[in-house]
Amino acid sequence: MRPWPVRLLKLVAWMLALVGVLFIGLTIAYWAPDRPVSELTARWAPPPSQFVAVDGMQVHLRDEGPRDDPQPLLLLHGTSASLHTWEGWVGVLRKHHRVITVDLPGYGLTGPNPEGDYSQARNTRFVIDLLDSLKVDRAVIAGNSFGGQVALDVALAHPDRVEKLILVDALGYPRNSISMPIGFRIAGIPGLNRWMEYVLPRGLVESSVRNVYGDPSRVTSALVDRYFDLSTREGNRGALPKRFAFLPTEQSARRIATITQPTLILWGGQDRLIPPDNAERFHRDIAGSQLVLFPSLGHVPQEEDPVATVAAVEAFLR
């Protein structure tokens with residue numbers, strides 16, 4: 001009978017070989033390298049999409065509605081999303097308002113920041129430079145999730161540029177998630193996140209999107225296609241872990257109580273990524289703010305039920 005250590009070494013070697021074979025198999029099965037923006041524009045940037053030079057990037061945006069609107073809106077999407085998340089709102093709001101939607105640096109068709117800087121200070125500067133390029137002196141800024149964090153920082157750093165604030169399941173306090181999409185979890189694991197720059201199972205994207213919906217049955221194949229395609233835009237997956245280095249802290253959250261702009265807080269009651277207790281905290285911290293809770297919706301209520309959520313926005317703007 002062989003000594004136990006020899007048998008153990010053989011077992012370990014066999015297991016490592018099996019893991020290697022599995023790793024190679026998964027890589028082959030789900031190979032999804034980065035795609036140049038030119039391959040994606042036909043489907044995801046039809047009119048009225050345009051690309052505007054801002055801060056060394058060709059920024060994908062849409063600028064719709066009457067240009068003489070004294071109260072234009074700028075809508076900022078969340079992590080791994082794009083301007084398309086606001087399409088339901090835009091279809092209603094553009095009838096009476098100038099509405100600007102944009103793919104933020106590191107997301108959508110805009111792609112990565114050439115400096116590799118995803119700090120909140122850099123994102124704030126990007127928004128101001130964008131408004132300057134569009135000749136917008138003052139805007140109503142709405143932000144969902146990460147976009148809400150950007151909207152907050154713009155309102156704090158440049159209060160003269162923000163007429164009103166709309167926070168939609170916004171990131172502003174240290175994250176206390178009940179459940180996190182698997183794609184976000186992988187993005188935070190060194191080594192594995194680098195592998196995911198070349199490998200991306202469509203099922204992983206679908207699982208992540210379903211995770212942030214209050215009613216996962218509303219997640220359609222076309223919706224998953226959009227998230228999947230735009231995730232593979234060249235540079236986006238590499239940017240995601242860098243973005244996660246700049247999450248809010250209790251120290252940064254203290255500034256929220258200094259916000260003076262009229263503020264509307266919209267929240268999905270089924271949000272497990274940024275639970276509704278964050279909405280209550282925003283409501284307490286921002287004097288005079290309005291809070292509207294949608295009990296059946298999740299983390300992206302503007303996408304899951306645009307009709308109900310935009311009605312609250314229209315009332316706020318009036």
# chains A, B, ... in the order shown; residues from 1 in each chain; ligands from 1

call {"tool": "select_by_dssp", "arguments": {"residues": "range 55-296 of chain A", "states": "strand (DSSP E or B)", "output": "CSV table (one decimal) with N, CA, C and O atoms, in the first residue's frame"}}
result
chain,number,residue,atom,x,y,z
A,57,MET,N,-13.2,61.8,-25.3
A,57,MET,CA,-14.0,60.6,-25.7
A,57,MET,C,-15.1,61.0,-26.7
A,57,MET,O,-15.5,62.1,-26.8
A,58,GLN,N,-15.5,60.0,-27.5
A,58,GLN,CA,-16.7,60.2,-28.4
A,58,GLN,C,-17.9,59.7,-27.6
A,58,GLN,O,-18.1,58.5,-27.5
A,59,VAL,N,-18.6,60.6,-27.0
A,59,VAL,CA,-19.6,60.3,-26.0
A,59,VAL,C,-21.0,60.1,-26.7
A,59,VAL,O,-21.4,60.9,-27.5
A,60,HIS,N,-21.5,58.9,-26.5
A,60,HIS,CA,-22.8,58.6,-27.0
A,60,HIS,C,-23.9,59.3,-26.2
A,60,HIS,O,-24.0,59.0,-25.0
A,61,LEU,N,-24.8,60.1,-26.9
A,61,LEU,CA,-25.9,60.7,-26.2
A,61,LEU,C,-27.0,60.9,-27.1
A,61,LEU,O,-26.9,60.8,-28.3
A,62,ARG,N,-28.1,61.3,-26.5
A,62,ARG,CA,-29.4,61.7,-27.2
A,62,ARG,C,-29.9,63.0,-26.6
A,62,ARG,O,-29.9,63.1,-25.3
A,63,ASP,N,-30.2,63.9,-27.4
A,63,ASP,CA,-30.6,65.3,-27.0
A,63,ASP,C,-32.0,65.5,-27.7
A,63,ASP,O,-32.0,65.8,-28.8
A,64,GLU,N,-33.1,65.4,-26.9
A,64,GLU,CA,-34.4,65.4,-27.5
A,64,GLU,C,-35.3,66.4,-26.9
A,64,GLU,O,-35.0,66.9,-25.8
A,73,LEU,N,-33.6,68.4,-18.8
A,73,LEU,CA,-33.3,67.3,-17.9
A,73,LEU,C,-32.0,66.5,-18.4
A,73,LEU,O,-31.9,66.3,-19.6
A,74,LEU,N,-31.2,66.1,-17.5
A,74,LEU,CA,-30.1,65.2,-17.8
A,74,LEU,C,-30.3,64.0,-17.0
A,74,LEU,O,-30.4,64.0,-15.7
A,75,LEU,N,-30.3,62.8,-17.6
A,75,LEU,CA,-30.6,61.5,-17.0
A,75,LEU,C,-29.4,60.7,-17.0
A,75,LEU,O,-28.8,60.4,-18.1
A,76,LEU,N,-28.9,60.2,-15.8
A,76,LEU,CA,-27.7,59.5,-15.7
A,76,LEU,C,-28.0,58.0,-15.2
A,76,LEU,O,-28.6,57.8,-14.2
A,99,VAL,N,-34.6,66.7,-23.1
A,99,VAL,CA,-34.2,65.6,-22.3
A,99,VAL,C,-32.9,65.1,-22.9
A,99,VAL,O,-32.8,64.7,-24.1
A,100,ILE,N,-31.8,65.1,-22.1
A,100,ILE,CA,-30.5,64.6,-22.5
A,100,ILE,C,-30.2,63.3,-21.8
A,100,ILE,O,-30.2,63.2,-20.5
A,101,THR,N,-29.9,62.3,-22.5
A,101,THR,CA,-29.5,61.0,-21.9
A,101,THR,C,-28.1,60.7,-22.5
A,101,THR,O,-27.8,61.1,-23.6
A,102,VAL,N,-27.3,60.0,-21.7
A,102,VAL,CA,-25.9,59.8,-22.1
A,102,VAL,C,-25.3,58.5,-21.5
A,102,VAL,O,-25.7,58.0,-20.5
A,107,TYR,N,-19.1,52.9,-19.8
A,107,TYR,CA,-20.4,52.2,-20.0
A,107,TYR,C,-20.9,52.5,-21.4
A,107,TYR,O,-20.6,53.5,-22.1
A,111,GLY,N,-17.8,54.0,-23.8
A,111,GLY,CA,-16.5,53.3,-23.6
A,111,GLY,C,-15.7,53.9,-22.5
A,111,GLY,O,-16.0,54.9,-21.9
A,139,ALA,N,-29.6,72.5,-15.1
A,139,ALA,CA,-30.4,71.4,-15.5
A,139,ALA,C,-31.0,70.7,-14.3
A,139,ALA,O,-30.5,70.8,-13.2
A,140,VAL,N,-32.1,70.0,-14.6
A,140,VAL,CA,-32.6,69.1,-13.6
A,140,VAL,C,-31.8,67.8,-13.8
A,140,VAL,O,-31.8,67.3,-15.0
A,141,ILE,N,-31.2,67.2,-12.8
A,141,ILE,CA,-30.4,66.0,-13.0
A,141,ILE,C,-31.0,64.9,-12.3
A,141,ILE,O,-31.3,65.0,-11.1
A,142,ALA,N,-31.2,63.8,-13.0
A,142,ALA,CA,-31.8,62.6,-12.4
A,142,ALA,C,-30.7,61.5,-12.5
A,142,ALA,O,-30.0,61.4,-13.6
A,143,GLY,N,-30.6,60.6,-11.5
A,143,GLY,CA,-29.6,59.6,-11.6
A,143,GLY,C,-30.1,58.3,-10.9
A,143,GLY,O,-30.7,58.4,-9.8
A,144,ASN,N,-29.9,57.2,-11.6
A,144,ASN,CA,-30.3,55.9,-11.0
A,144,ASN,C,-29.0,55.2,-10.5
A,144,ASN,O,-28.0,55.1,-11.2
A,162,VAL,N,-27.4,72.9,-11.0
A,162,VAL,CA,-28.4,71.9,-10.8
A,162,VAL,C,-29.7,72.6,-10.3
A,162,VAL,O,-29.8,73.2,-9.2
A,163,GLU,N,-30.7,72.6,-11.1
A,163,GLU,CA,-32.0,73.2,-10.8
A,163,GLU,C,-32.8,72.4,-9.8
A,163,GLU,O,-33.3,72.9,-8.7
A,164,LYS,N,-32.9,71.1,-10.1
A,164,LYS,CA,-33.6,70.1,-9.2
A,164,LYS,C,-32.8,68.8,-9.3
A,164,LYS,O,-32.0,68.6,-10.2
A,165,LEU,N,-33.1,67.9,-8.3
A,165,LEU,CA,-32.4,66.6,-8.2
A,165,LEU,C,-33.5,65.5,-8.2
A,165,LEU,O,-34.5,65.6,-7.4
A,166,ILE,N,-33.3,64.5,-8.9
A,166,ILE,CA,-34.1,63.3,-8.9
A,166,ILE,C,-33.3,62.1,-8.6
A,166,ILE,O,-32.4,61.7,-9.5
A,167,LEU,N,-33.5,61.4,-7.5
A,167,LEU,CA,-32.7,60.3,-7.1
A,167,LEU,C,-33.5,59.0,-7.2
A,167,LEU,O,-34.5,58.9,-6.6
A,168,VAL,N,-33.1,58.1,-8.1
A,168,VAL,CA,-33.8,56.9,-8.4
A,168,VAL,C,-33.0,55.7,-7.9
A,168,VAL,O,-32.0,55.3,-8.5
A,199,VAL,N,-14.4,36.3,-21.4
A,199,VAL,CA,-15.4,35.3,-21.3
A,199,VAL,C,-16.7,35.9,-20.7
A,199,VAL,O,-16.6,36.6,-19.6
A,233,ARG,N,-18.7,46.0,-25.3
A,233,ARG,CA,-18.1,47.1,-25.9
A,233,ARG,C,-16.6,47.3,-25.4
A,233,ARG,O,-16.3,47.1,-24.2
A,263,THR,N,-35.7,68.1,-4.2
A,263,THR,CA,-35.3,66.8,-4.5
A,263,THR,C,-36.4,65.8,-4.5
A,263,THR,O,-37.2,65.8,-3.5
A,264,LEU,N,-36.5,65.0,-5.5
A,264,LEU,CA,-37.5,63.9,-5.6
A,264,LEU,C,-36.7,62.6,-5.4
A,264,LEU,O,-35.8,62.3,-6.1
A,265,ILE,N,-37.2,61.7,-4.5
A,265,ILE,CA,-36.6,60.4,-4.3
A,265,ILE,C,-37.6,59.4,-4.7
A,265,ILE,O,-38.7,59.3,-4.2
A,266,LEU,N,-37.2,58.6,-5.8
A,266,LEU,CA,-38.0,57.5,-6.2
A,266,LEU,C,-37.3,56.2,-5.9
A,266,LEU,O,-36.1,56.0,-6.1
A,267,TRP,N,-38.1,55.2,-5.4
A,267,TRP,CA,-37.4,53.9,-5.0
A,267,TRP,C,-38.3,52.7,-5.2
A,267,TRP,O,-39.6,52.8,-5.0
A,268,GLY,N,-37.7,51.6,-5.6
A,268,GLY,CA,-38.4,50.4,-5.7
A,268,GLY,C,-38.4,49.6,-4.4
A,268,GLY,O,-37.4,49.4,-3.8
A,290,GLN,N,-39.1,65.0,-1.4
A,290,GLN,CA,-40.3,64.2,-1.6
A,290,GLN,C,-39.9,62.7,-1.8
A,290,GLN,O,-38.9,62.5,-2.6
A,291,LEU,N,-40.6,61.8,-1.2
A,291,LEU,CA,-40.3,60.4,-1.4
A,291,LEU,C,-41.5,59.7,-2.0
A,291,LEU,O,-42.6,59.8,-1.4
A,292,VAL,N,-41.3,58.9,-3.1
A,292,VAL,CA,-42.3,58.1,-3.7
A,292,VAL,C,-41.8,56.7,-3.8
A,292,VAL,O,-40.7,56.4,-4.4
A,293,LEU,N,-42.4,55.7,-3.1
A,293,LEU,CA,-42.0,54.3,-3.1
A,293,LEU,C,-42.9,53.5,-4.0
A,293,LEU,O,-44.2,53.7,-3.9
A,294,PHE,N,-42.4,52.6,-4.8
A,294,PHE,CA,-43.1,51.7,-5.7
A,294,PHE,C,-42.9,50.3,-5.1
A,294,PHE,O,-41.9,49.7,-5.4

call {"tool": "residues_around", "arguments": {"residues": "His77 in chain A", "least_positions_apart": "6", "cutoff": "8 Å", "atoms": "only C-alpha atoms", "output": "list in words"}}
result
Leu83, Thr85, Trp86, Val102, Asp103, Leu104, Gly143, Asn144, Ser145, Phe146, Gly147 and Gly148 of chain A

call {"tool": "atom_distance", "arguments": {"atom1": "CA of Ile256 in chain A", "atom2": "CA of Arg272 in chain A"}}
result
21.9 Å

call {"tool": "closest_residue", "arguments": {"among": "A:Arg202, A:Arg255, A:Lys242, A:Lys95", "to": "Leu223 in chain A", "atoms": "only C-alpha atoms"}}
result
A:Arg202

call {"tool": "closest_residue", "arguments": {"among": "A:Val92, A:Ile286, A:Ala222, A:Leu240", "to": "Asp117 in chain A", "atoms": "only C-alpha atoms"}}
result
A:Leu240

call {"tool": "closest_residue", "arguments": {"among": "A:Ser217, A:Asn176, A:Thr41, A:Gln261", "to": "Leu297 in chain A", "atoms": "only C-alpha atoms"}}
result
A:Ser217

call {"tool": "closest_residue", "arguments": {"among": "A:Pro295, A:Gly203, A:Pro262, A:Pro105", "to": "His283 in chain A", "atoms": "only C-alpha atoms"}}
result
A:Pro262

call {"tool": "residues_around", "arguments": {"residues": "Arg161 in chain A", "least_positions_apart": "6", "cutoff": "8 Å", "atoms": "only C-alpha atoms", "output": "MDAnalysis selection string"}}
result
chainID A and resid 137:139 155

call {"tool": "closest_residue", "arguments": {"among": "A:Val209, A:Ala187, A:Ala239, A:Ala42", "to": "Glu115 in chain A", "atoms": "only C-alpha atoms"}}
result
A:Ala239

call {"tool": "select_by_dssp", "arguments": {"residues": "range 155-317 of chain A", "states": "helix (DSSP H, G or I)", "output": "ChimeraX atom specification"}}
result
/A:155-157,159-161,182-187,192-195,202-211,216-218,221-231,236-246,250-258,277-285,301-304,306-317

call {"tool": "write_last_selection", "arguments": {"atoms": "C-alpha atoms", "output": "tab-separated table (two decimals), in the first residue's frame"}}
result
chain	number	residue	atom	x	y	z
A	155	ALA	CA	-25.23	69.03	-7.03
A	156	LEU	CA	-22.76	69.33	-4.14
A	157	ALA	CA	-19.78	70.57	-6.16
A	159	PRO	CA	-25.03	73.78	-7.00
A	160	ASP	CA	-25.40	76.65	-9.45
A	161	ARG	CA	-25.69	74.12	-12.32
A	182	ILE	CA	-23.38	37.81	-9.79
A	183	GLY	CA	-21.74	40.01	-12.42
A	184	PHE	CA	-21.00	42.65	-9.78
A	185	ARG	CA	-19.57	40.03	-7.43
A	186	ILE	CA	-17.23	38.69	-10.11
A	187	ALA	CA	-16.08	42.22	-10.97
A	192	LEU	CA	-11.47	36.36	-12.16
A	193	ASN	CA	-12.52	39.84	-13.26
A	194	ARG	CA	-9.65	39.84	-15.77
A	195	TRP	CA	-10.82	36.50	-17.15
A	202	ARG	CA	-25.14	35.26	-21.61
A	203	GLY	CA	-26.82	33.44	-18.73
A	204	LEU	CA	-24.68	35.38	-16.26
A	205	VAL	CA	-25.91	38.66	-17.75
A	206	GLU	CA	-29.52	37.47	-17.65
A	207	SER	CA	-29.17	36.37	-14.03
A	208	SER	CA	-27.72	39.77	-13.09
A	209	VAL	CA	-30.54	41.70	-14.78
A	210	ARG	CA	-33.23	39.48	-13.26
A	211	ASN	CA	-31.65	40.03	-9.85
A	216	PRO	CA	-38.00	39.03	-13.01
A	217	SER	CA	-40.65	37.89	-15.51
A	218	ARG	CA	-40.45	41.38	-17.02
A	221	SER	CA	-34.65	38.42	-24.29
A	222	ALA	CA	-34.22	41.78	-26.07
A	223	LEU	CA	-33.37	43.44	-22.75
A	224	VAL	CA	-30.70	40.82	-22.01
A	225	ASP	CA	-29.32	41.28	-25.54
A	226	ARG	CA	-28.82	44.98	-24.84
A	227	TYR	CA	-27.02	44.48	-21.55
A	228	PHE	CA	-24.89	41.70	-23.02
A	229	ASP	CA	-23.90	43.57	-26.19
A	230	LEU	CA	-23.01	46.82	-24.44
A	231	SER	CA	-21.00	44.95	-21.80
A	236	ASN	CA	-16.15	48.39	-20.58
A	237	ARG	CA	-15.45	45.19	-18.66
A	238	GLY	CA	-11.94	46.37	-17.83
A	239	ALA	CA	-13.33	49.63	-16.45
A	240	LEU	CA	-15.87	48.04	-14.09
A	241	PRO	CA	-13.50	46.95	-11.27
A	242	LYS	CA	-11.88	50.42	-11.33
A	243	ARG	CA	-15.30	52.01	-10.87
A	244	PHE	CA	-15.97	49.87	-7.77
A	245	ALA	CA	-12.96	51.45	-6.07
A	246	PHE	CA	-15.01	54.62	-5.52
A	250	GLU	CA	-19.97	57.36	5.83
A	251	GLN	CA	-17.67	60.37	5.55
A	252	SER	CA	-18.81	61.20	2.01
A	253	ALA	CA	-22.44	60.56	2.98
A	254	ARG	CA	-22.36	63.34	5.57
A	255	ARG	CA	-22.40	65.91	2.76
A	256	ILE	CA	-25.84	64.79	1.59
A	257	ALA	CA	-27.51	66.80	4.37
A	258	THR	CA	-26.13	70.00	2.81
A	277	ASP	CA	-33.98	52.05	4.00
A	278	ASN	CA	-31.57	54.13	1.92
A	279	ALA	CA	-34.55	56.02	0.50
A	280	GLU	CA	-35.73	56.83	4.01
A	281	ARG	CA	-32.26	58.05	4.92
A	282	PHE	CA	-32.13	60.34	1.87
A	283	HIS	CA	-35.56	61.66	2.80
A	284	ARG	CA	-34.40	62.46	6.34
A	285	ASP	CA	-31.11	64.02	5.25
A	301	PRO	CA	-37.91	51.23	-11.54
A	302	GLN	CA	-37.61	53.66	-14.46
A	303	GLU	CA	-36.94	50.66	-16.71
A	304	GLU	CA	-39.25	48.14	-15.07
A	306	PRO	CA	-41.65	53.69	-16.86
A	307	VAL	CA	-45.31	54.71	-16.95
A	308	ALA	CA	-45.87	54.80	-13.18
A	309	THR	CA	-42.46	56.26	-12.36
A	310	VAL	CA	-42.44	59.02	-14.97
A	311	ALA	CA	-45.86	60.19	-13.74
A	312	ALA	CA	-44.23	61.02	-10.40
A	313	VAL	CA	-41.50	62.92	-12.25
A	314	GLU	CA	-44.00	64.96	-14.25
A	315	ALA	CA	-45.82	65.95	-11.06
A	316	PHE	CA	-42.52	66.98	-9.45
A	317	LEU	CA	-41.50	69.08	-12.45

call {"tool": "residues_around", "arguments": {"residues": "Ser179 in chain A", "least_positions_apart": "4", "cutoff": "10 Å", "atoms": "only C-alpha atoms", "output": "list in words"}}
result
Asn211, Val212, Asp271, Arg272, Leu273, Ile274 and Pro275 of chain A

call {"tool": "write_last_selection", "arguments": {"atoms": "N, CA, C and O atoms", "output": "short mmCIF file (atom, residue, chain, number, x, y, z; two decimals), in the first residue's frame"}}
result
data_model
loop_
_atom_site.label_atom_id
_atom_site.label_comp_id
_atom_site.auth_asym_id
_atom_site.auth_seq_id
_atom_site.Cartn_x
_atom_site.Cartn_y
_atom_site.Cartn_z
N ASN A 211 -31.89 39.78 -11.27
CA ASN A 211 -31.65 40.03 -9.85
C ASN A 211 -32.08 41.42 -9.41
O ASN A 211 -32.46 41.62 -8.26
N VAL A 212 -32.02 42.40 -10.33
CA VAL A 212 -32.34 43.78 -9.94
C VAL A 212 -33.76 44.19 -10.31
O VAL A 212 -34.14 45.34 -10.08
N ASP A 271 -36.11 46.57 -4.08
CA ASP A 271 -34.68 46.74 -4.39
C ASP A 271 -33.85 46.02 -3.33
O ASP A 271 -33.88 46.36 -2.15
N ARG A 272 -33.08 45.03 -3.77
CA ARG A 272 -32.22 44.29 -2.85
C ARG A 272 -30.76 44.71 -2.97
O ARG A 272 -29.95 44.34 -2.13
N LEU A 273 -30.44 45.45 -4.01
CA LEU A 273 -29.07 45.94 -4.16
C LEU A 273 -28.84 47.17 -3.30
O LEU A 273 -27.83 47.29 -2.59
N ILE A 274 -29.77 48.15 -3.36
CA ILE A 274 -29.74 49.32 -2.48
C ILE A 274 -31.12 49.39 -1.85
O ILE A 274 -32.04 50.01 -2.39
N PRO A 275 -31.30 48.72 -0.71
CA PRO A 275 -32.64 48.55 -0.13
C PRO A 275 -33.33 49.87 0.23
O PRO A 275 -32.68 50.93 0.35
#
